[in-house]
Amino acid sequence: MAPIEQTPKKPSRIQLRNRGKILDAALDVFSIHGYRGATLDQIATAAGLSKPNILYYFDGKEEIFVTLLSSLVDTWIEPLRQIDPDGEPLEEIRRYVSRKVQMSSEMGRESRLFANEILQGAPRIGAHLTGDLEVLFKRTIGILNSWMAQGKIAEVDPEHLLYSIWATTQHYADFQAQITVLSGSDKIDSAGAFLDQLYVKLLTP
């Protein structure tokens, strides 16, 4: 007789809640201290749980970090997926820039977490960079080149265009402390209008 397969038990509401608390606390800790500077004790304190309780849900600091990064990458590249090659080019680019500004405003911790990983050489996220992100990057470059060839947007280097959008939008999250010191506020509320004007002027044929 073939062995009966055991159906994995669904996690309880308490287990789901505690995992969520751990991941949210870890996001705070990692975004401030980076992977190397963060400790399980800091995460446990921020989550209001004991260190053994943390280790009941995760094998260690690296598993928590990789779990956060894996979910973050999917969220971070989603706006690239939404660029419609059959849409009106300038509007598609403006929408993309606007979404990136919105993400910097709403997901500052996530942006700093991602930036810290990249600055360390992407040791735990490299597979994502050479996977989904690389595919979407090349797809987007193809779309931009097609729009330029049709005269629908001005001719610029498409790779530098994307890097520029990432730099100008994510700067407001990654360097929030510096901007607040220099400007007295984080300036994110007025960033969208400025960047919209910048890229419309750049890309209008």
# chains A, B, ... in the order shown; residues from 1 in each chain; ligands from 1

call {"tool": "select_by_dssp", "arguments": {"residues": "range 69-202 of chain A", "states": "helix (DSSP H, G or I)", "output": "JSON, numbers by chain"}}
result
{"A": [69, 70, 71, 72, 73, 74, 75, 76, 77, 78, 79, 80, 81, 89, 90, 91, 92, 93, 94, 95, 96, 97, 98, 99, 100, 101, 102, 103, 104, 105, 106, 108, 109, 110, 111, 112, 113, 114, 115, 116, 117, 118, 119, 126, 127, 128, 129, 132, 133, 134, 135, 136, 137, 138, 139, 140, 141, 142, 143, 144, 145, 146, 147, 148, 149, 158, 159, 160, 161, 162, 163, 164, 165, 166, 167, 168, 169, 170, 171, 172, 173, 174, 176, 177, 178, 179, 180, 181, 182, 183, 188, 189, 190, 191, 192, 193, 194, 195, 196, 197, 198, 199, 200, 201, 202]}

call {"tool": "residues_around", "arguments": {"residues": "Tyr172 in chain A", "least_positions_apart": "5", "cutoff": "12 Å", "atoms": "only C-alpha atoms", "output": "ChimeraX atom specification"}}
result
/A:100-109,111-112,165-167,177-180,183,185-192,195

call {"tool": "write_last_selection", "arguments": {"atoms": "C-alpha atoms", "output": "PDB file, in the first residue's frame"}}
result
ATOM      1  CA  LYS A 100       8.547  55.106  -8.493  1.00  0.00           C
ATOM      2  CA  VAL A 101       8.166  58.389  -6.583  1.00  0.00           C
ATOM      3  CA  GLN A 102       5.145  56.956  -4.785  1.00  0.00           C
ATOM      4  CA  MET A 103       7.108  53.860  -3.819  1.00  0.00           C
ATOM      5  CA  SER A 104       9.952  56.007  -2.457  1.00  0.00           C
ATOM      6  CA  SER A 105       7.417  57.885  -0.363  1.00  0.00           C
ATOM      7  CA  GLU A 106       5.606  54.807   0.940  1.00  0.00           C
ATOM      8  CA  MET A 107       8.449  52.276   1.025  1.00  0.00           C
ATOM      9  CA  GLY A 108      11.488  54.139   2.313  1.00  0.00           C
ATOM     10  CA  ARG A 109      12.610  51.253   4.531  1.00  0.00           C
ATOM     11  CA  SER A 111      14.338  51.077  -0.648  1.00  0.00           C
ATOM     12  CA  ARG A 112      17.153  51.430   1.894  1.00  0.00           C
ATOM     13  CA  ILE A 165      14.765  57.382 -13.232  1.00  0.00           C
ATOM     14  CA  TRP A 166      15.851  54.922 -10.555  1.00  0.00           C
ATOM     15  CA  ALA A 167      18.451  57.338  -9.199  1.00  0.00           C
ATOM     16  CA  ALA A 177      18.032  62.033   6.290  1.00  0.00           C
ATOM     17  CA  GLN A 178      20.348  64.214   4.194  1.00  0.00           C
ATOM     18  CA  ILE A 179      17.467  65.865   2.336  1.00  0.00           C
ATOM     19  CA  THR A 180      15.660  66.603   5.604  1.00  0.00           C
ATOM     20  CA  SER A 183      15.758  71.262   3.102  1.00  0.00           C
ATOM     21  CA  SER A 185      11.659  68.329   5.035  1.00  0.00           C
ATOM     22  CA  ASP A 186      11.955  65.169   2.965  1.00  0.00           C
ATOM     23  CA  LYS A 187      10.788  67.043  -0.224  1.00  0.00           C
ATOM     24  CA  ILE A 188       9.076  63.918  -1.541  1.00  0.00           C
ATOM     25  CA  ASP A 189       5.731  65.717  -1.867  1.00  0.00           C
ATOM     26  CA  SER A 190       7.120  68.106  -4.476  1.00  0.00           C
ATOM     27  CA  ALA A 191       9.427  65.604  -6.188  1.00  0.00           C
ATOM     28  CA  GLY A 192       6.750  64.130  -8.448  1.00  0.00           C
ATOM     29  CA  LEU A 195      10.504  64.894 -12.130  1.00  0.00           C
TER      30      LEU A 195
END

call {"tool": "residues_around", "arguments": {"residues": "range 57-64 of chain A", "least_positions_apart": "3", "cutoff": "12 Å", "atoms": "only C-alpha atoms", "output": "ChimeraX atom specification"}}
result
/A:11,14-27,29-30,34-44,49-54,67-71,123-125

call {"tool": "residues_around", "arguments": {"residues": "range 130-136 of chain A", "least_positions_apart": "5", "cutoff": "8 Å", "atoms": "only C-alpha atoms", "output": "list in words"}}
result
Ile77, Leu80 and Arg81 of chain A

call {"tool": "closest_residue", "arguments": {"among": "A:Glu92, A:Tyr199, A:Met148, A:Gly184", "to": "Thr169 in chain A", "atoms": "only C-alpha atoms"}}
result
A:Tyr199

call {"tool": "closest_residue", "arguments": {"among": "A:Glu117, A:Tyr96, A:Leu161, A:Lys152", "to": "Asp84 in chain A", "atoms": "only C-alpha atoms"}}
result
A:Tyr96

call {"tool": "closest_residue", "arguments": {"among": "A:Leu182, A:Ile143, A:Leu203, A:Leu162", "to": "Val97 in chain A", "atoms": "only C-alpha atoms"}}
result
A:Leu162

call {"tool": "atom_distance", "arguments": {"atom1": "CA of Gln82 in chain A", "atom2": "CA of Gly151 in chain A"}}
result
21.8 Å

call {"tool": "atom_distance", "arguments": {"atom1": "CA of Val200 in chain A", "atom2": "CA of Thr140 in chain A"}}
result
17.9 Å

call {"tool": "decode", "arguments": {"residues": "range 4-125 of chain A", "atoms": "C-alpha atoms", "output": "PDB file, in the first residue's frame"}}
result
ATOM      1  CA  ILE A   4      -0.469   8.336   2.721  1.00  0.00           C
ATOM      2  CA  GLU A   5       0.881  11.816   2.055  1.00  0.00           C
ATOM      3  CA  GLN A   6       0.478  14.200   4.932  1.00  0.00           C
ATOM      4  CA  THR A   7      -1.044  17.547   3.989  1.00  0.00           C
ATOM      5  CA  PRO A   8       1.022  20.362   5.572  1.00  0.00           C
ATOM      6  CA  LYS A   9      -0.872  22.146   8.304  1.00  0.00           C
ATOM      7  CA  LYS A  10      -1.769  25.736   7.564  1.00  0.00           C
ATOM      8  CA  PRO A  11      -0.148  28.205   9.933  1.00  0.00           C
ATOM      9  CA  SER A  12      -2.444  29.571  12.593  1.00  0.00           C
ATOM     10  CA  ARG A  13      -3.459  33.206  12.831  1.00  0.00           C
ATOM     11  CA  ILE A  14      -1.019  33.676  15.712  1.00  0.00           C
ATOM     12  CA  GLN A  15       1.815  32.161  13.662  1.00  0.00           C
ATOM     13  CA  LEU A  16       1.019  34.386  10.694  1.00  0.00           C
ATOM     14  CA  ARG A  17       0.787  37.416  12.963  1.00  0.00           C
ATOM     15  CA  ASN A  18       4.130  36.655  14.626  1.00  0.00           C
ATOM     16  CA  ARG A  19       5.879  36.086  11.289  1.00  0.00           C
ATOM     17  CA  GLY A  20       4.503  39.419  10.123  1.00  0.00           C
ATOM     18  CA  LYS A  21       5.724  41.156  13.281  1.00  0.00           C
ATOM     19  CA  ILE A  22       9.176  39.635  12.859  1.00  0.00           C
ATOM     20  CA  LEU A  23       9.467  40.659   9.210  1.00  0.00           C
ATOM     21  CA  ASP A  24       8.218  44.192   9.896  1.00  0.00           C
ATOM     22  CA  ALA A  25      10.649  44.604  12.795  1.00  0.00           C
ATOM     23  CA  ALA A  26      13.478  43.145  10.735  1.00  0.00           C
ATOM     24  CA  LEU A  27      12.738  45.613   7.931  1.00  0.00           C
ATOM     25  CA  ASP A  28      13.257  48.469  10.401  1.00  0.00           C
ATOM     26  CA  VAL A  29      16.471  46.982  11.769  1.00  0.00           C
ATOM     27  CA  PHE A  30      17.997  46.007   8.416  1.00  0.00           C
ATOM     28  CA  SER A  31      17.120  49.325   6.756  1.00  0.00           C
ATOM     29  CA  ILE A  32      18.965  51.177   9.535  1.00  0.00           C
ATOM     30  CA  HIS A  33      21.911  48.880  10.253  1.00  0.00           C
ATOM     31  CA  GLY A  34      22.278  46.865   7.054  1.00  0.00           C
ATOM     32  CA  TYR A  35      22.689  43.097   7.031  1.00  0.00           C
ATOM     33  CA  ARG A  36      26.086  43.033   8.739  1.00  0.00           C
ATOM     34  CA  GLY A  37      25.165  45.470  11.497  1.00  0.00           C
ATOM     35  CA  ALA A  38      21.792  43.930  12.333  1.00  0.00           C
ATOM     36  CA  THR A  39      21.439  41.266  15.026  1.00  0.00           C
ATOM     37  CA  LEU A  40      18.726  38.808  16.009  1.00  0.00           C
ATOM     38  CA  ASP A  41      18.604  40.470  19.427  1.00  0.00           C
ATOM     39  CA  GLN A  42      17.748  43.813  17.782  1.00  0.00           C
ATOM     40  CA  ILE A  43      15.050  42.168  15.665  1.00  0.00           C
ATOM     41  CA  ALA A  44      13.603  40.362  18.690  1.00  0.00           C
ATOM     42  CA  THR A  45      13.471  43.588  20.708  1.00  0.00           C
ATOM     43  CA  ALA A  46      11.839  45.498  17.849  1.00  0.00           C
ATOM     44  CA  ALA A  47       9.282  42.710  17.366  1.00  0.00           C
ATOM     45  CA  GLY A  48       8.522  42.403  21.074  1.00  0.00           C
ATOM     46  CA  LEU A  49       9.378  38.703  21.000  1.00  0.00           C
ATOM     47  CA  SER A  50      12.127  36.578  22.515  1.00  0.00           C
ATOM     48  CA  LYS A  51      15.124  35.472  20.482  1.00  0.00           C
ATOM     49  CA  PRO A  52      14.102  31.760  20.793  1.00  0.00           C
ATOM     50  CA  ASN A  53      10.682  32.781  19.478  1.00  0.00           C
ATOM     51  CA  ILE A  54      12.337  34.378  16.449  1.00  0.00           C
ATOM     52  CA  LEU A  55      14.276  31.153  15.820  1.00  0.00           C
ATOM     53  CA  TYR A  56      11.054  29.137  15.994  1.00  0.00           C
ATOM     54  CA  TYR A  57       9.861  30.912  12.837  1.00  0.00           C
ATOM     55  CA  PHE A  58      13.163  31.458  11.019  1.00  0.00           C
ATOM     56  CA  ASP A  59      16.475  29.577  10.946  1.00  0.00           C
ATOM     57  CA  GLY A  60      18.436  32.757  11.496  1.00  0.00           C
ATOM     58  CA  LYS A  61      19.183  36.291  10.396  1.00  0.00           C
ATOM     59  CA  GLU A  62      19.962  35.328   6.814  1.00  0.00           C
ATOM     60  CA  GLU A  63      16.643  33.552   6.256  1.00  0.00           C
ATOM     61  CA  ILE A  64      14.769  36.609   7.541  1.00  0.00           C
ATOM     62  CA  PHE A  65      16.793  38.876   5.282  1.00  0.00           C
ATOM     63  CA  VAL A  66      16.360  36.711   2.187  1.00  0.00           C
ATOM     64  CA  THR A  67      12.602  36.408   2.858  1.00  0.00           C
ATOM     65  CA  LEU A  68      12.328  40.201   2.964  1.00  0.00           C
ATOM     66  CA  LEU A  69      14.436  40.697  -0.141  1.00  0.00           C
ATOM     67  CA  SER A  70      12.604  38.070  -2.176  1.00  0.00           C
ATOM     68  CA  SER A  71       9.244  39.689  -1.560  1.00  0.00           C
ATOM     69  CA  LEU A  72      10.735  43.150  -2.074  1.00  0.00           C
ATOM     70  CA  VAL A  73      12.211  42.415  -5.504  1.00  0.00           C
ATOM     71  CA  ASP A  74       8.845  41.316  -6.864  1.00  0.00           C
ATOM     72  CA  THR A  75       7.247  44.520  -5.590  1.00  0.00           C
ATOM     73  CA  TRP A  76      10.132  46.690  -6.762  1.00  0.00           C
ATOM     74  CA  ILE A  77      10.077  45.515 -10.368  1.00  0.00           C
ATOM     75  CA  GLU A  78       6.293  45.377 -10.746  1.00  0.00           C
ATOM     76  CA  PRO A  79       6.102  48.933 -12.227  1.00  0.00           C
ATOM     77  CA  LEU A  80       8.399  47.776 -15.053  1.00  0.00           C
ATOM     78  CA  ARG A  81       5.954  44.973 -15.839  1.00  0.00           C
ATOM     79  CA  GLN A  82       3.146  47.526 -16.097  1.00  0.00           C
ATOM     80  CA  ILE A  83       4.763  49.533 -18.907  1.00  0.00           C
ATOM     81  CA  ASP A  84       2.499  48.977 -21.909  1.00  0.00           C
ATOM     82  CA  PRO A  85       4.349  48.869 -25.261  1.00  0.00           C
ATOM     83  CA  ASP A  86       1.073  49.787 -26.999  1.00  0.00           C
ATOM     84  CA  GLY A  87       0.354  52.714 -24.698  1.00  0.00           C
ATOM     85  CA  GLU A  88       1.076  56.384 -25.339  1.00  0.00           C
ATOM     86  CA  PRO A  89       4.860  56.535 -24.747  1.00  0.00           C
ATOM     87  CA  LEU A  90       5.176  59.768 -22.781  1.00  0.00           C
ATOM     88  CA  GLU A  91       2.226  58.856 -20.583  1.00  0.00           C
ATOM     89  CA  GLU A  92       3.648  55.396 -19.918  1.00  0.00           C
ATOM     90  CA  ILE A  93       6.977  56.887 -18.837  1.00  0.00           C
ATOM     91  CA  ARG A  94       5.301  59.581 -16.730  1.00  0.00           C
ATOM     92  CA  ARG A  95       3.204  56.903 -15.024  1.00  0.00           C
ATOM     93  CA  TYR A  96       6.301  54.835 -14.350  1.00  0.00           C
ATOM     94  CA  VAL A  97       8.169  57.791 -12.833  1.00  0.00           C
ATOM     95  CA  SER A  98       5.125  58.704 -10.727  1.00  0.00           C
ATOM     96  CA  ARG A  99       4.847  55.146  -9.412  1.00  0.00           C
ATOM     97  CA  LYS A 100       8.547  55.106  -8.493  1.00  0.00           C
ATOM     98  CA  VAL A 101       8.166  58.389  -6.583  1.00  0.00           C
ATOM     99  CA  GLN A 102       5.145  56.956  -4.785  1.00  0.00           C
ATOM    100  CA  MET A 103       7.108  53.860  -3.819  1.00  0.00           C
ATOM    101  CA  SER A 104       9.952  56.007  -2.457  1.00  0.00           C
ATOM    102  CA  SER A 105       7.417  57.885  -0.363  1.00  0.00           C
ATOM    103  CA  GLU A 106       5.606  54.807   0.940  1.00  0.00           C
ATOM    104  CA  MET A 107       8.449  52.276   1.025  1.00  0.00           C
ATOM    105  CA  GLY A 108      11.488  54.139   2.313  1.00  0.00           C
ATOM    106  CA  ARG A 109      12.610  51.253   4.531  1.00  0.00           C
ATOM    107  CA  GLU A 110      12.356  48.791   1.652  1.00  0.00           C
ATOM    108  CA  SER A 111      14.338  51.077  -0.648  1.00  0.00           C
ATOM    109  CA  ARG A 112      17.153  51.430   1.894  1.00  0.00           C
ATOM    110  CA  LEU A 113      17.179  47.671   2.474  1.00  0.00           C
ATOM    111  CA  PHE A 114      17.554  47.075  -1.270  1.00  0.00           C
ATOM    112  CA  ALA A 115      20.240  49.788  -1.577  1.00  0.00           C
ATOM    113  CA  ASN A 116      22.277  48.309   1.285  1.00  0.00           C
ATOM    114  CA  GLU A 117      22.239  44.890  -0.366  1.00  0.00           C
ATOM    115  CA  ILE A 118      23.364  46.320  -3.712  1.00  0.00           C
ATOM    116  CA  LEU A 119      26.169  48.316  -2.045  1.00  0.00           C
ATOM    117  CA  GLN A 120      27.479  45.070  -0.555  1.00  0.00           C
ATOM    118  CA  GLY A 121      27.669  43.495  -4.016  1.00  0.00           C
ATOM    119  CA  ALA A 122      24.231  41.831  -3.946  1.00  0.00           C
ATOM    120  CA  PRO A 123      25.457  38.569  -2.305  1.00  0.00           C
ATOM    121  CA  ARG A 124      21.958  37.432  -1.373  1.00  0.00           C
ATOM    122  CA  ILE A 125      19.975  38.904  -4.237  1.00  0.00           C
TER     123      ILE A 125
END
